[in-house]
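Let me begin by presenting the structure, written as structure tokens, before commenting on it.
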Amino acid sequence: MKALLWKEMRILRVWILAGIALVGALRLLWIRWPSEISSFSFGLFAPSWDGLIFLTATLASVGLAAGQVAGERQAKTLDYLLVRPVAADTIVWAKFLAGTIALLLLLGALVWLGYSDPGSSDDLLALLVRDRVSSLRVLLTLFPRYWCVYGLALLLSVLVDRPSKAAVAMAVSVMTLLGMTSWYTDIAPFSGFESWLPFFDQSTGGLVRVARNPSLFWTTSLVLYGIVLVAAFGAGTLLKRSPENYLGNRTLMLGAAGLVGVAILTGWVSGGRLPSLPPEEALEIQTGSAGDLTDMAASGHLVCLGLQDRLVFLDFSDRAKPRTMADVRIPLWTTSHLALVGTSAYVLGKKKALPTDEVQIIIAKLAGPDSVQIMSPISLGPVDPRGSIGPLVPLGHFLYAGSINHRQCRVHVLDLSTSREMVVLPIDTLHTVSKEQVVPLWADFREALTMCLRESFLYIASPSALTTLDLGNPAQPVVTNRIEFRESIARLYGLPRTLLSQGDRLYETSFWPPSLRSYDLSDPSRPVLAADFAWHRTDGGNVGAVELVVSGPAFYQSWRNGVLEFHLRHKRFEALRYLDDGYGVDTVAVSGAHVYTARYDYGQKSEHVDAFQVRE
Amino acid sequence: MDPPAIAVQGLSKKYDRRMVVDDLRFEVPTGSVCGFLGRNAAGKSTTIRMLMNLLDPTAGKALLLGLDCRKEHQALMQRVGYVAESPVLYDWMKVREIVRFTASFYAKWNQSSVHSLLQRFGIDAEQKVKNLSRGTYAQLALVLAMGHDPQLLILDEPATGLDVVVRRDFLESIIQLIQQEGRTVLFSSHLVHEVERVADQIVMIEGGRLLIAMGIDDLKRGIVRLVVRGKSANTLVGLPGILRSSTDGGDLVLTVQDRDGRTRKAIQESGNDVVEVIGLSLEEIFVDLVGSTACEGTG
């Protein structure tokens, strides 16, 4: 065994040295030209050290194993070993041990270079991972996954006569598993499927989630270790039983087709487990282009759409005949936020003015069919090109509007009966992050302020805090609580955190790993952080505000070609239904038992609004 | 009495629908040097690979040194040495390394014998295997197969691929080793004269089937060429034991397998005279035996 191990290590030495040299060279390139490498980015996370680890470790896992038996079989040196007084399975176990050591060394070097080196400060994903999990833990989480790939590749290596066949067969398997990881995350959110597959979909933060969750870490690791050992045992037994039997090309092709078939079948079964709800009613509104829709709000059966300088009121009260109640132009060149109470729409937007555009609030009241009464606008002052406006929350005769102007986050309290600004409350001051020479991902702070109204309390998530406003006296709100918020990664500063309330809980989205933080509102004036639930962002690389709303006991989130209905059960989210809209949804609004979705129909060049009745 | 060193019992190997080895049965006595003869693709290597447990037999079994070659493979390999047809060694190792690597598998390893063999063949222990000439490469394979002093040595066309001069040198070294040691040797070849120099037993196969398995002296005594003269010579062709017939002038020349003299007696009783009995070389016997089988096969 010792001599066999020596021989295997001598053969694999090339792999280890080449792998570490390649990775070290890339690391140096990364440190030397970080911005040039980052400029190849296609989204938020690419190219990343994580992607490099995936690529290198997968190639190493397959490459190390593919030639171990099939290569010796092709070179005919396997016969040399098989006519020695050593059991065939001992030969395989020696190879397995050597391959395992090589993989561990290579993966260890990759993880160490990627996550322990401060030079990787430009690699956001590496920073995010390192911030939450130690390098050792990352290694221990990744190792069983790549080891599993290695073990299966070793089994394939015994089953074929050429290393190229083992490599191609394993590449098909890896691609299928990757597809499954991504697909299952997509079709079966919250199912936990992806934790069991050999790879992580990093947009879900699976690596950190598994690494930080002891039970998930141990169960997945033990299962994967079990698979590896069974694969190695199988490889040894097969070679011992018959050194000459291997699979022909036809069998391999059938096997690959079978694997893909099983993946599709399980995906189809998993996808089909989620009931689908078709829209009840639909309306089309002609628009100029795809980006015209800025916001949508619903109240009762009335839905209001903000389309740049247009407001459209839709009536869904008659299930058989939904109709457009009014379609009017408003004196703003663009709208940004919309709120609807009864038949009154509150629109926050910008008006062309000299020398600087103005932020204005328009109140439009639907008086009847094709009759909209537009009140005189309320001005919130000039537009700060580096600031942002919104959101807008109406309560009785008062309106609360957020703004970020000259690095100050404020809430404007407006009296609707007098159309006057009563008071401006400073909520937060943006940090100066330039000292750290780091530009935040969300440097323009669009939608960086979010609000959630619950009874007479207004909760405001700003870049540095979660602030509670008591609206007991709506004209003079009082700050009752402020929970400091600090992203440990400076680049994440200012990313929008959507707020939602359900029952006595307030939920706040957390960017990465995606989760919903839950605050206990037993004392609504002082939210207390209670739990953090794993959640799926389903908006890809878009780091902006999430289309996430709550209605009754359920959450609704844009997902695939529609909306996902999910709820919290046994301390974890569980998908309930799929509100199938046919295409990707741009905006979601809820009112009572209805969920309304809007999407742009490129064929008809119109905005398509669907209504789903989610409760009786 | 010692059990036979090799006892092949109905060994068969089928690839798809083609029988490559068909119900092969023979024995090789302990201490003998057995020439395993057959034309190219006669099934020699397939048989040997089954004996070495590198191939699974479709049917039958084989005992080497009294042990089942499949079930007791590991124990058997401590006592058997094998040189494959065109042996492949780990090219990247030095000679010293491959000797040490090979030695590690065996309970007993005769390092001094290996050392002296390396010296005799002029193999530099510090040289990389890939840098050895073809002849030296084959000699090294032979040294590695001998290092554990095997009781049974199986050589599968060990000189294949070597040029005439190197081949001769290599065969000389094999002969020296065999003569010195007195172990059982199975030596496969399609070149009969190579085998004839060393073998005392012959196993001949053709088309996967056994033609003959016996001592070389018995074989030479048993198969002779007869020159027959007589009026009814043409009627003799159908007699049993006649492997080949031809005419030479007015005489009939018959190659006969006639260990007990019955065929000769039958010829004389039919009124013909055996005017000359000619002893045959192994190569002539091989050609006549294989030729008669080929005629049967085609006829």
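For the structure tokens, the naming scheme is as follows: chains receive sequential letters (A, B, ...) according to their order of presentation, residues are indexed from 1 within each chain, and ligands are indexed from 1 in presentation order.
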
Enumerate as a ChimeraX atom specification the residues belonging to chain A that approach chain B to within 12 Å, with only C-alpha atoms taken into account. /A:1-8,10-11,72-91,239-246

Near Ser289 (chain A), counting only C-alpha atoms, which residues have an atom at most 12 Å away, once you skip same-chain residues fewer than 2 positions from it, shown as a VMD selection string? chain A and resid 285 to 287 291 to 294 307 to 308 599 to 607

Using DSSP on the backbone coordinates, identify the residues of region 217-299 of chain A assigned to helix (DSSP H, G or I); present them as a tab-separated table (two decimals) with all heavy atoms, in the first residue's frame.
```
chain	number	residue	atom	x	y	z
A	217	PHE	N	-24.83	21.41	7.74
A	217	PHE	CA	-23.42	21.13	7.42
A	217	PHE	C	-23.11	19.65	7.62
A	217	PHE	O	-22.57	18.99	6.74
A	217	PHE	CB	-22.51	21.99	8.31
A	217	PHE	CG	-21.05	21.67	8.21
A	217	PHE	CD1	-20.28	22.21	7.20
A	217	PHE	CD2	-20.45	20.81	9.12
A	217	PHE	CE1	-18.93	21.91	7.09
A	217	PHE	CE2	-19.10	20.50	9.02
A	217	PHE	CZ	-18.35	21.05	8.01
A	218	TRP	N	-23.50	19.13	8.78
A	218	TRP	CA	-23.14	17.75	9.09
A	218	TRP	C	-23.94	16.75	8.28
A	218	TRP	O	-23.39	15.76	7.81
A	218	TRP	CB	-23.29	17.48	10.59
A	218	TRP	CG	-22.13	18.03	11.35
A	218	TRP	CD1	-22.13	19.08	12.22
A	218	TRP	CD2	-20.76	17.59	11.27
A	218	TRP	NE1	-20.86	19.33	12.69
A	218	TRP	CE2	-20.00	18.43	12.12
A	218	TRP	CE3	-20.11	16.59	10.56
A	218	TRP	CZ2	-18.63	18.28	12.28
A	218	TRP	CZ3	-18.74	16.44	10.71
A	218	TRP	CH2	-18.01	17.27	11.56
A	219	THR	N	-25.26	17.00	8.13
A	219	THR	CA	-26.05	16.01	7.38
A	219	THR	C	-25.59	15.95	5.93
A	219	THR	O	-25.36	14.87	5.39
A	219	THR	CB	-27.56	16.30	7.44
A	219	THR	OG1	-27.76	17.69	7.20
A	219	THR	CG2	-28.17	15.92	8.74
A	220	THR	N	-25.43	17.13	5.29
A	220	THR	CA	-25.02	17.10	3.87
A	220	THR	C	-23.62	16.50	3.75
A	220	THR	O	-23.36	15.69	2.87
A	220	THR	CB	-25.06	18.50	3.23
A	220	THR	OG1	-24.25	19.39	4.01
A	220	THR	CG2	-26.45	19.04	3.13
A	221	SER	N	-22.72	16.90	4.67
A	221	SER	CA	-21.35	16.39	4.58
A	221	SER	C	-21.33	14.87	4.75
A	221	SER	O	-20.68	14.17	3.98
A	221	SER	CB	-20.47	17.03	5.66
A	221	SER	OG	-20.39	18.41	5.44
A	222	LEU	N	-22.07	14.39	5.75
A	222	LEU	CA	-22.03	12.94	6.01
A	222	LEU	C	-22.61	12.16	4.84
A	222	LEU	O	-22.09	11.10	4.46
A	222	LEU	CB	-22.77	12.61	7.31
A	222	LEU	CG	-22.04	13.07	8.58
A	222	LEU	CD1	-22.89	12.80	9.82
A	222	LEU	CD2	-20.69	12.36	8.73
A	223	VAL	N	-23.71	12.69	4.27
A	223	VAL	CA	-24.30	12.00	3.11
A	223	VAL	C	-23.30	11.98	1.95
A	223	VAL	O	-23.09	10.94	1.30
A	223	VAL	CB	-25.63	12.68	2.70
A	223	VAL	CG1	-26.08	12.21	1.33
A	223	VAL	CG2	-26.71	12.38	3.73
A	224	LEU	N	-22.66	13.13	1.71
A	224	LEU	CA	-21.70	13.20	0.60
A	224	LEU	C	-20.49	12.30	0.87
A	224	LEU	O	-20.00	11.62	-0.03
A	224	LEU	CB	-21.27	14.64	0.35
A	224	LEU	CG	-22.37	15.53	-0.23
A	224	LEU	CD1	-21.99	17.00	-0.14
A	224	LEU	CD2	-22.67	15.17	-1.67
A	225	TYR	N	-20.03	12.28	2.13
A	225	TYR	CA	-18.91	11.38	2.48
A	225	TYR	C	-19.33	9.93	2.22
A	225	TYR	O	-18.55	9.12	1.71
A	225	TYR	CB	-18.51	11.53	3.95
A	225	TYR	CG	-17.76	12.80	4.26
A	225	TYR	CD1	-17.97	13.49	5.46
A	225	TYR	CD2	-16.82	13.31	3.37
A	225	TYR	CE1	-17.29	14.65	5.75
A	225	TYR	CE2	-16.13	14.48	3.67
A	225	TYR	CZ	-16.36	15.15	4.85
A	225	TYR	OH	-15.69	16.29	5.12
A	226	GLY	N	-20.57	9.62	2.58
A	226	GLY	CA	-21.09	8.27	2.36
A	226	GLY	C	-21.07	7.91	0.88
A	226	GLY	O	-20.62	6.82	0.50
A	227	ILE	N	-21.52	8.86	0.05
A	227	ILE	CA	-21.54	8.62	-1.41
A	227	ILE	C	-20.11	8.35	-1.91
A	227	ILE	O	-19.87	7.45	-2.70
A	227	ILE	CB	-22.17	9.81	-2.15
A	227	ILE	CG1	-23.67	9.90	-1.82
A	227	ILE	CG2	-21.98	9.70	-3.66
A	227	ILE	CD1	-24.36	11.14	-2.34
A	228	VAL	N	-19.17	9.16	-1.41
A	228	VAL	CA	-17.77	9.01	-1.85
A	228	VAL	C	-17.26	7.62	-1.49
A	228	VAL	O	-16.67	6.93	-2.33
A	228	VAL	CB	-16.87	10.06	-1.15
A	228	VAL	CG1	-15.42	9.86	-1.57
A	228	VAL	CG2	-17.31	11.46	-1.48
A	229	LEU	N	-17.51	7.21	-0.26
A	229	LEU	CA	-16.98	5.92	0.17
A	229	LEU	C	-17.63	4.77	-0.58
A	229	LEU	O	-16.96	3.81	-0.96
A	229	LEU	CB	-17.16	5.76	1.69
A	229	LEU	CG	-16.32	6.74	2.51
A	229	LEU	CD1	-16.63	6.61	3.99
A	229	LEU	CD2	-14.83	6.52	2.28
A	230	VAL	N	-18.95	4.90	-0.83
A	230	VAL	CA	-19.64	3.86	-1.60
A	230	VAL	C	-19.05	3.81	-3.02
A	230	VAL	O	-18.80	2.73	-3.57
A	230	VAL	CB	-21.16	4.12	-1.63
A	230	VAL	CG1	-21.85	3.26	-2.67
A	230	VAL	CG2	-21.76	3.85	-0.25
A	231	ALA	N	-18.81	5.00	-3.60
A	231	ALA	CA	-18.24	5.04	-4.96
A	231	ALA	C	-16.86	4.39	-4.99
A	231	ALA	O	-16.55	3.59	-5.88
A	231	ALA	CB	-18.16	6.49	-5.45
A	232	ALA	N	-16.04	4.69	-3.98
A	232	ALA	CA	-14.68	4.12	-3.94
A	232	ALA	C	-14.74	2.60	-3.72
A	232	ALA	O	-14.02	1.84	-4.36
A	232	ALA	CB	-13.86	4.79	-2.84
A	233	PHE	N	-15.64	2.19	-2.82
A	233	PHE	CA	-15.80	0.77	-2.56
A	233	PHE	C	-16.27	0.05	-3.83
A	233	PHE	O	-15.77	-1.01	-4.19
A	233	PHE	CB	-16.81	0.57	-1.41
A	233	PHE	CG	-17.03	-0.87	-1.06
A	233	PHE	CD1	-16.09	-1.56	-0.30
A	233	PHE	CD2	-18.16	-1.53	-1.49
A	233	PHE	CE1	-16.30	-2.90	0.01
A	233	PHE	CE2	-18.38	-2.86	-1.17
A	233	PHE	CZ	-17.45	-3.54	-0.42
A	234	GLY	N	-17.24	0.69	-4.51
A	234	GLY	CA	-17.76	0.14	-5.77
A	234	GLY	C	-16.65	0.01	-6.80
A	234	GLY	O	-16.55	-1.01	-7.49
A	235	ALA	N	-15.81	1.05	-6.88
A	235	ALA	CA	-14.72	1.03	-7.86
A	235	ALA	C	-13.77	-0.13	-7.57
A	235	ALA	O	-13.38	-0.87	-8.48
A	235	ALA	CB	-13.97	2.36	-7.82
A	236	GLY	N	-13.43	-0.30	-6.29
A	236	GLY	CA	-12.52	-1.39	-5.90
A	236	GLY	C	-13.12	-2.75	-6.20
A	236	GLY	O	-12.47	-3.63	-6.75
A	237	THR	N	-14.40	-2.91	-5.85
A	237	THR	CA	-15.07	-4.19	-6.04
A	237	THR	C	-15.17	-4.54	-7.53
A	237	THR	O	-14.95	-5.67	-7.93
A	237	THR	CB	-16.48	-4.16	-5.41
A	237	THR	OG1	-16.33	-3.68	-4.07
A	237	THR	CG2	-17.14	-5.51	-5.40
A	238	LEU	N	-15.52	-3.52	-8.34
A	238	LEU	CA	-15.66	-3.77	-9.78
A	238	LEU	C	-14.34	-4.23	-10.39
A	238	LEU	O	-14.30	-5.16	-11.17
A	238	LEU	CB	-16.12	-2.48	-10.48
A	238	LEU	CG	-17.60	-2.15	-10.36
A	238	LEU	CD1	-17.88	-0.77	-10.89
A	238	LEU	CD2	-18.42	-3.17	-11.14
A	239	LEU	N	-13.25	-3.57	-9.99
A	239	LEU	CA	-11.94	-3.93	-10.56
A	239	LEU	C	-11.51	-5.30	-10.07
A	239	LEU	O	-10.92	-6.08	-10.81
A	239	LEU	CB	-10.89	-2.87	-10.18
A	239	LEU	CG	-9.57	-3.00	-10.92
A	239	LEU	CD1	-9.75	-2.71	-12.41
A	239	LEU	CD2	-8.52	-2.05	-10.37
A	240	LYS	N	-11.86	-5.60	-8.82
A	240	LYS	CA	-11.49	-6.89	-8.25
A	240	LYS	C	-12.28	-8.01	-8.93
A	240	LYS	O	-11.74	-9.05	-9.25
A	240	LYS	CB	-11.79	-6.88	-6.75
A	240	LYS	CG	-11.18	-8.03	-6.01
A	240	LYS	CD	-11.42	-7.87	-4.52
A	240	LYS	CE	-10.79	-8.99	-3.74
A	240	LYS	NZ	-11.00	-8.82	-2.31
A	241	ARG	N	-13.55	-7.74	-9.15
A	241	ARG	CA	-14.41	-8.77	-9.70
A	241	ARG	C	-14.02	-9.09	-11.15
A	241	ARG	O	-13.96	-10.24	-11.56
A	241	ARG	CB	-15.87	-8.32	-9.63
A	241	ARG	CG	-16.84	-9.39	-10.05
A	241	ARG	CD	-18.25	-8.99	-9.78
A	241	ARG	NE	-18.54	-8.89	-8.36
A	241	ARG	CZ	-19.66	-8.41	-7.86
A	241	ARG	NH1	-20.58	-7.95	-8.67
A	241	ARG	NH2	-19.86	-8.36	-6.57
A	249	ASN	N	-19.27	2.42	-25.56
A	249	ASN	CA	-19.72	3.79	-25.86
A	249	ASN	C	-21.24	3.90	-25.81
A	249	ASN	O	-21.78	4.89	-25.33
A	249	ASN	CB	-19.22	4.21	-27.23
A	249	ASN	CG	-17.71	4.39	-27.22
A	249	ASN	OD1	-17.11	4.45	-26.15
A	249	ASN	ND2	-17.12	4.46	-28.39
A	250	ARG	N	-21.91	2.85	-26.30
A	250	ARG	CA	-23.37	2.91	-26.33
A	250	ARG	C	-23.93	2.95	-24.92
A	250	ARG	O	-24.84	3.72	-24.62
A	250	ARG	CB	-23.91	1.70	-27.11
A	250	ARG	CG	-25.31	1.96	-27.64
A	250	ARG	CD	-25.73	0.90	-28.60
A	250	ARG	NE	-25.77	-0.43	-27.96
A	250	ARG	CZ	-26.16	-1.52	-28.59
A	250	ARG	NH1	-26.53	-1.46	-29.84
A	250	ARG	NH2	-26.17	-2.68	-27.95
A	251	THR	N	-23.37	2.14	-24.05
A	251	THR	CA	-23.85	2.11	-22.66
A	251	THR	C	-23.60	3.46	-21.99
A	251	THR	O	-24.44	3.96	-21.24
A	251	THR	CB	-23.13	1.00	-21.87
A	251	THR	OG1	-23.10	-0.16	-22.67
A	251	THR	CG2	-23.81	0.71	-20.57
A	252	LEU	N	-22.41	4.03	-22.29
A	252	LEU	CA	-22.09	5.33	-21.70
A	252	LEU	C	-23.08	6.40	-22.16
A	252	LEU	O	-23.55	7.23	-21.39
A	252	LEU	CB	-20.67	5.75	-22.08
A	252	LEU	CG	-19.55	5.10	-21.28
A	252	LEU	CD1	-18.20	5.47	-21.85
A	252	LEU	CD2	-19.61	5.52	-19.81
A	253	MET	N	-23.38	6.37	-23.45
A	253	MET	CA	-24.33	7.35	-24.01
A	253	MET	C	-25.69	7.18	-23.35
A	253	MET	O	-26.35	8.15	-22.98
A	253	MET	CB	-24.47	7.16	-25.52
A	253	MET	CG	-23.20	7.36	-26.29
A	253	MET	SD	-22.92	9.07	-26.69
A	253	MET	CE	-23.80	9.18	-28.21
A	254	LEU	N	-26.09	5.90	-23.21
A	254	LEU	CA	-27.39	5.63	-22.58
A	254	LEU	C	-27.39	6.11	-21.13
A	254	LEU	O	-28.37	6.68	-20.65
A	254	LEU	CB	-27.71	4.13	-22.63
A	254	LEU	CG	-28.17	3.60	-23.99
A	254	LEU	CD1	-28.28	2.09	-23.96
A	254	LEU	CD2	-29.52	4.21	-24.37
A	255	GLY	N	-26.25	5.88	-20.44
A	255	GLY	CA	-26.12	6.32	-19.05
A	255	GLY	C	-26.24	7.82	-18.94
A	255	GLY	O	-26.95	8.34	-18.06
A	256	ALA	N	-25.55	8.54	-19.83
A	256	ALA	CA	-25.60	10.00	-19.81
A	256	ALA	C	-27.02	10.49	-20.08
A	256	ALA	O	-27.54	11.38	-19.40
A	256	ALA	CB	-24.64	10.57	-20.84
A	257	ALA	N	-27.65	9.85	-21.08
A	257	ALA	CA	-29.03	10.24	-21.41
A	257	ALA	C	-29.94	9.95	-20.22
A	257	ALA	O	-30.84	10.74	-19.89
A	257	ALA	CB	-29.50	9.48	-22.64
A	258	GLY	N	-29.68	8.82	-19.54
A	258	GLY	CA	-30.48	8.46	-18.36
A	258	GLY	C	-30.33	9.48	-17.25
A	258	GLY	O	-31.32	9.88	-16.63
A	259	LEU	N	-29.09	9.92	-17.04
A	259	LEU	CA	-28.83	10.91	-15.98
A	259	LEU	C	-29.57	12.21	-16.26
A	259	LEU	O	-30.23	12.77	-15.38
A	259	LEU	CB	-27.32	11.16	-15.88
A	259	LEU	CG	-26.87	12.09	-14.77
A	259	LEU	CD1	-27.05	11.43	-13.42
A	259	LEU	CD2	-25.41	12.49	-14.95
A	260	VAL	N	-29.46	12.66	-17.51
A	260	VAL	CA	-30.14	13.90	-17.89
A	260	VAL	C	-31.66	13.69	-17.74
A	260	VAL	O	-32.37	14.56	-17.25
A	260	VAL	CB	-29.76	14.31	-19.34
A	260	VAL	CG1	-30.58	15.50	-19.80
A	260	VAL	CG2	-28.27	14.62	-19.42
A	261	GLY	N	-32.11	12.50	-18.15
A	261	GLY	CA	-33.53	12.18	-18.05
A	261	GLY	C	-34.01	12.22	-16.60
A	261	GLY	O	-35.07	12.79	-16.31
A	262	VAL	N	-33.22	11.63	-15.71
A	262	VAL	CA	-33.59	11.61	-14.28
A	262	VAL	C	-33.64	13.04	-13.75
A	262	VAL	O	-34.55	13.42	-13.00
A	262	VAL	CB	-32.59	10.74	-13.47
A	262	VAL	CG1	-32.75	10.96	-11.98
A	262	VAL	CG2	-32.79	9.27	-13.81
A	263	ALA	N	-32.64	13.85	-14.17
A	263	ALA	CA	-32.60	15.25	-13.72
A	263	ALA	C	-33.85	15.99	-14.16
A	263	ALA	O	-34.49	16.70	-13.38
A	263	ALA	CB	-31.35	15.93	-14.27
A	264	ILE	N	-34.21	15.79	-15.44
A	264	ILE	CA	-35.39	16.48	-15.98
A	264	ILE	C	-36.65	15.97	-15.27
A	264	ILE	O	-37.51	16.75	-14.88
A	264	ILE	CB	-35.49	16.26	-17.51
A	264	ILE	CG1	-34.33	17.01	-18.19
A	264	ILE	CG2	-36.83	16.73	-18.05
A	264	ILE	CD1	-34.19	16.72	-19.66
A	265	LEU	N	-36.70	14.66	-15.08
A	265	LEU	CA	-37.89	14.06	-14.46
A	265	LEU	C	-38.07	14.57	-13.02
A	265	LEU	O	-39.17	14.98	-12.63
A	265	LEU	CB	-37.76	12.53	-14.47
A	265	LEU	CG	-39.02	11.77	-14.09
A	265	LEU	CD1	-40.08	11.93	-15.17
A	265	LEU	CD2	-38.71	10.29	-13.89
A	266	THR	N	-36.97	14.54	-12.26
A	266	THR	CA	-37.09	14.99	-10.87
A	266	THR	C	-37.43	16.48	-10.82
A	266	THR	O	-38.20	16.93	-9.99
A	266	THR	CB	-35.80	14.73	-10.06
A	266	THR	OG1	-34.70	15.24	-10.80
A	266	THR	CG2	-35.59	13.28	-9.78
A	267	GLY	N	-36.83	17.23	-11.76
A	267	GLY	CA	-37.14	18.66	-11.83
A	267	GLY	C	-38.61	18.89	-12.16
A	267	GLY	O	-39.29	19.72	-11.57
A	268	TRP	N	-39.07	18.09	-13.11
A	268	TRP	CA	-40.46	18.22	-13.54
A	268	TRP	C	-41.41	17.86	-12.39
A	268	TRP	O	-42.39	18.54	-12.13
A	268	TRP	CB	-40.68	17.28	-14.73
A	268	TRP	CG	-42.06	17.32	-15.30
A	268	TRP	CD1	-42.65	18.34	-15.97
A	268	TRP	CD2	-43.03	16.28	-15.22
A	268	TRP	NE1	-43.93	18.01	-16.33
A	268	TRP	CE2	-44.19	16.74	-15.88
A	268	TRP	CE3	-43.03	15.00	-14.67
A	268	TRP	CZ2	-45.34	15.97	-16.00
A	268	TRP	CZ3	-44.18	14.24	-14.78
A	268	TRP	CH2	-45.30	14.72	-15.44
A	269	VAL	N	-41.06	16.78	-11.69
A	269	VAL	CA	-41.89	16.36	-10.55
A	269	VAL	C	-41.84	17.44	-9.46
A	269	VAL	O	-42.87	17.83	-8.91
A	269	VAL	CB	-41.39	15.00	-9.99
A	269	VAL	CG1	-42.06	14.67	-8.67
A	269	VAL	CG2	-41.66	13.89	-11.00
A	270	SER	N	-40.62	17.96	-9.19
A	270	SER	CA	-40.48	18.99	-8.15
A	270	SER	C	-41.24	20.25	-8.53
A	270	SER	O	-41.92	20.86	-7.70
A	270	SER	CB	-39.02	19.35	-7.95
A	270	SER	OG	-38.23	18.23	-7.96
A	271	GLY	N	-41.10	20.62	-9.81
A	271	GLY	CA	-41.79	21.83	-10.28
A	271	GLY	C	-43.29	21.64	-10.22
A	271	GLY	O	-44.04	22.54	-9.85
A	272	GLY	N	-43.73	20.43	-10.56
A	272	GLY	CA	-45.16	20.15	-10.61
A	272	GLY	C	-45.80	20.05	-9.24
A	272	GLY	O	-47.02	20.11	-9.12
```

For Leu59 (chain A), work out the shell of residues within 12 Å, counting only C-alpha atoms and skipping chain neighbours fewer than 5 positions away, then give it as a compact mmCIF listing (two decimals) with N, CA, C and O atoms, in the first residue's frame.
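Saved to selection-v4.txt:
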```
# COMPACT_ATOMS: atom_id res chain seq x y z
N TRP A 15 -0.26 17.34 -11.02
CA TRP A 15 -1.56 18.01 -10.87
C TRP A 15 -1.51 19.05 -9.75
O TRP A 15 -1.98 20.17 -9.91
N GLY A 19 -1.69 22.91 -10.47
CA GLY A 19 -2.89 23.58 -9.96
C GLY A 19 -2.53 24.75 -9.07
O GLY A 19 -3.04 25.86 -9.23
N LEU A 52 -13.65 30.78 -9.72
CA LEU A 52 -12.36 30.17 -10.04
C LEU A 52 -12.18 28.87 -9.25
O LEU A 52 -11.72 27.87 -9.77
N ILE A 53 -12.60 28.91 -7.98
CA ILE A 53 -12.51 27.70 -7.15
C ILE A 53 -13.38 26.61 -7.76
O ILE A 53 -12.95 25.47 -7.91
N PHE A 54 -14.59 27.00 -8.15
CA PHE A 54 -15.50 26.01 -8.72
C PHE A 54 -14.87 25.36 -9.96
O PHE A 54 -14.82 24.15 -10.09
N LEU A 64 -8.18 14.47 -11.78
CA LEU A 64 -7.39 13.58 -10.91
C LEU A 64 -7.87 12.14 -11.04
O LEU A 64 -7.09 11.22 -11.16
N ALA A 65 -9.20 11.99 -11.03
CA ALA A 65 -9.75 10.63 -10.97
C ALA A 65 -9.84 9.97 -12.34
O ALA A 65 -9.61 8.76 -12.45
N ALA A 66 -10.15 10.77 -13.37
CA ALA A 66 -10.47 10.17 -14.67
C ALA A 66 -9.35 9.27 -15.19
O ALA A 66 -9.60 8.22 -15.77
N LEU A 103 -6.49 16.34 -3.83
CA LEU A 103 -7.64 17.24 -3.90
C LEU A 103 -7.68 18.15 -2.68
O LEU A 103 -7.95 19.36 -2.79
N LEU A 106 -5.03 20.81 -3.00
CA LEU A 106 -5.37 21.79 -4.03
C LEU A 106 -6.51 22.70 -3.57
O LEU A 106 -6.45 23.93 -3.69
N LEU A 107 -7.53 22.08 -3.01
CA LEU A 107 -8.68 22.86 -2.54
C LEU A 107 -8.27 23.75 -1.37
O LEU A 107 -8.70 24.91 -1.27
N TYR A 146 -16.64 18.46 -3.60
CA TYR A 146 -15.70 18.14 -4.68
C TYR A 146 -15.16 16.71 -4.52
O TYR A 146 -14.86 16.05 -5.51
N TRP A 147 -15.08 16.26 -3.30
CA TRP A 147 -14.64 14.89 -3.05
C TRP A 147 -15.63 13.91 -3.65
O TRP A 147 -15.26 12.86 -4.18
N VAL A 149 -17.51 14.51 -6.24
CA VAL A 149 -17.28 14.53 -7.69
C VAL A 149 -16.07 13.64 -8.01
O VAL A 149 -16.10 12.85 -8.95
N TYR A 150 -15.03 13.76 -7.19
CA TYR A 150 -13.83 12.95 -7.41
C TYR A 150 -14.16 11.45 -7.30
O TYR A 150 -13.76 10.65 -8.14
N ALA A 153 -16.05 10.24 -10.22
CA ALA A 153 -15.18 10.18 -11.39
C ALA A 153 -14.26 8.97 -11.32
O ALA A 153 -13.96 8.34 -12.34
N ALA A 167 -13.65 11.40 -18.36
CA ALA A 167 -13.74 12.85 -18.20
C ALA A 167 -15.00 13.39 -18.86
O ALA A 167 -15.71 14.22 -18.28
N VAL A 168 -15.29 12.90 -20.07
CA VAL A 168 -16.48 13.39 -20.79
C VAL A 168 -17.74 12.96 -20.03
O VAL A 168 -18.66 13.77 -19.82
N MET A 170 -18.02 12.36 -16.92
CA MET A 170 -18.13 13.14 -15.67
C MET A 170 -18.51 14.58 -15.97
O MET A 170 -19.25 15.20 -15.20
N ALA A 171 -18.02 15.11 -17.11
CA ALA A 171 -18.39 16.48 -17.48
C ALA A 171 -19.90 16.57 -17.71
O ALA A 171 -20.54 17.53 -17.27
N VAL A 174 -21.43 16.53 -14.31
CA VAL A 174 -21.26 17.81 -13.60
C VAL A 174 -22.19 18.87 -14.18
O VAL A 174 -22.85 19.60 -13.44
N MET A 175 -22.25 18.91 -15.51
CA MET A 175 -23.13 19.90 -16.15
C MET A 175 -24.59 19.65 -15.74
O MET A 175 -25.35 20.58 -15.49
```
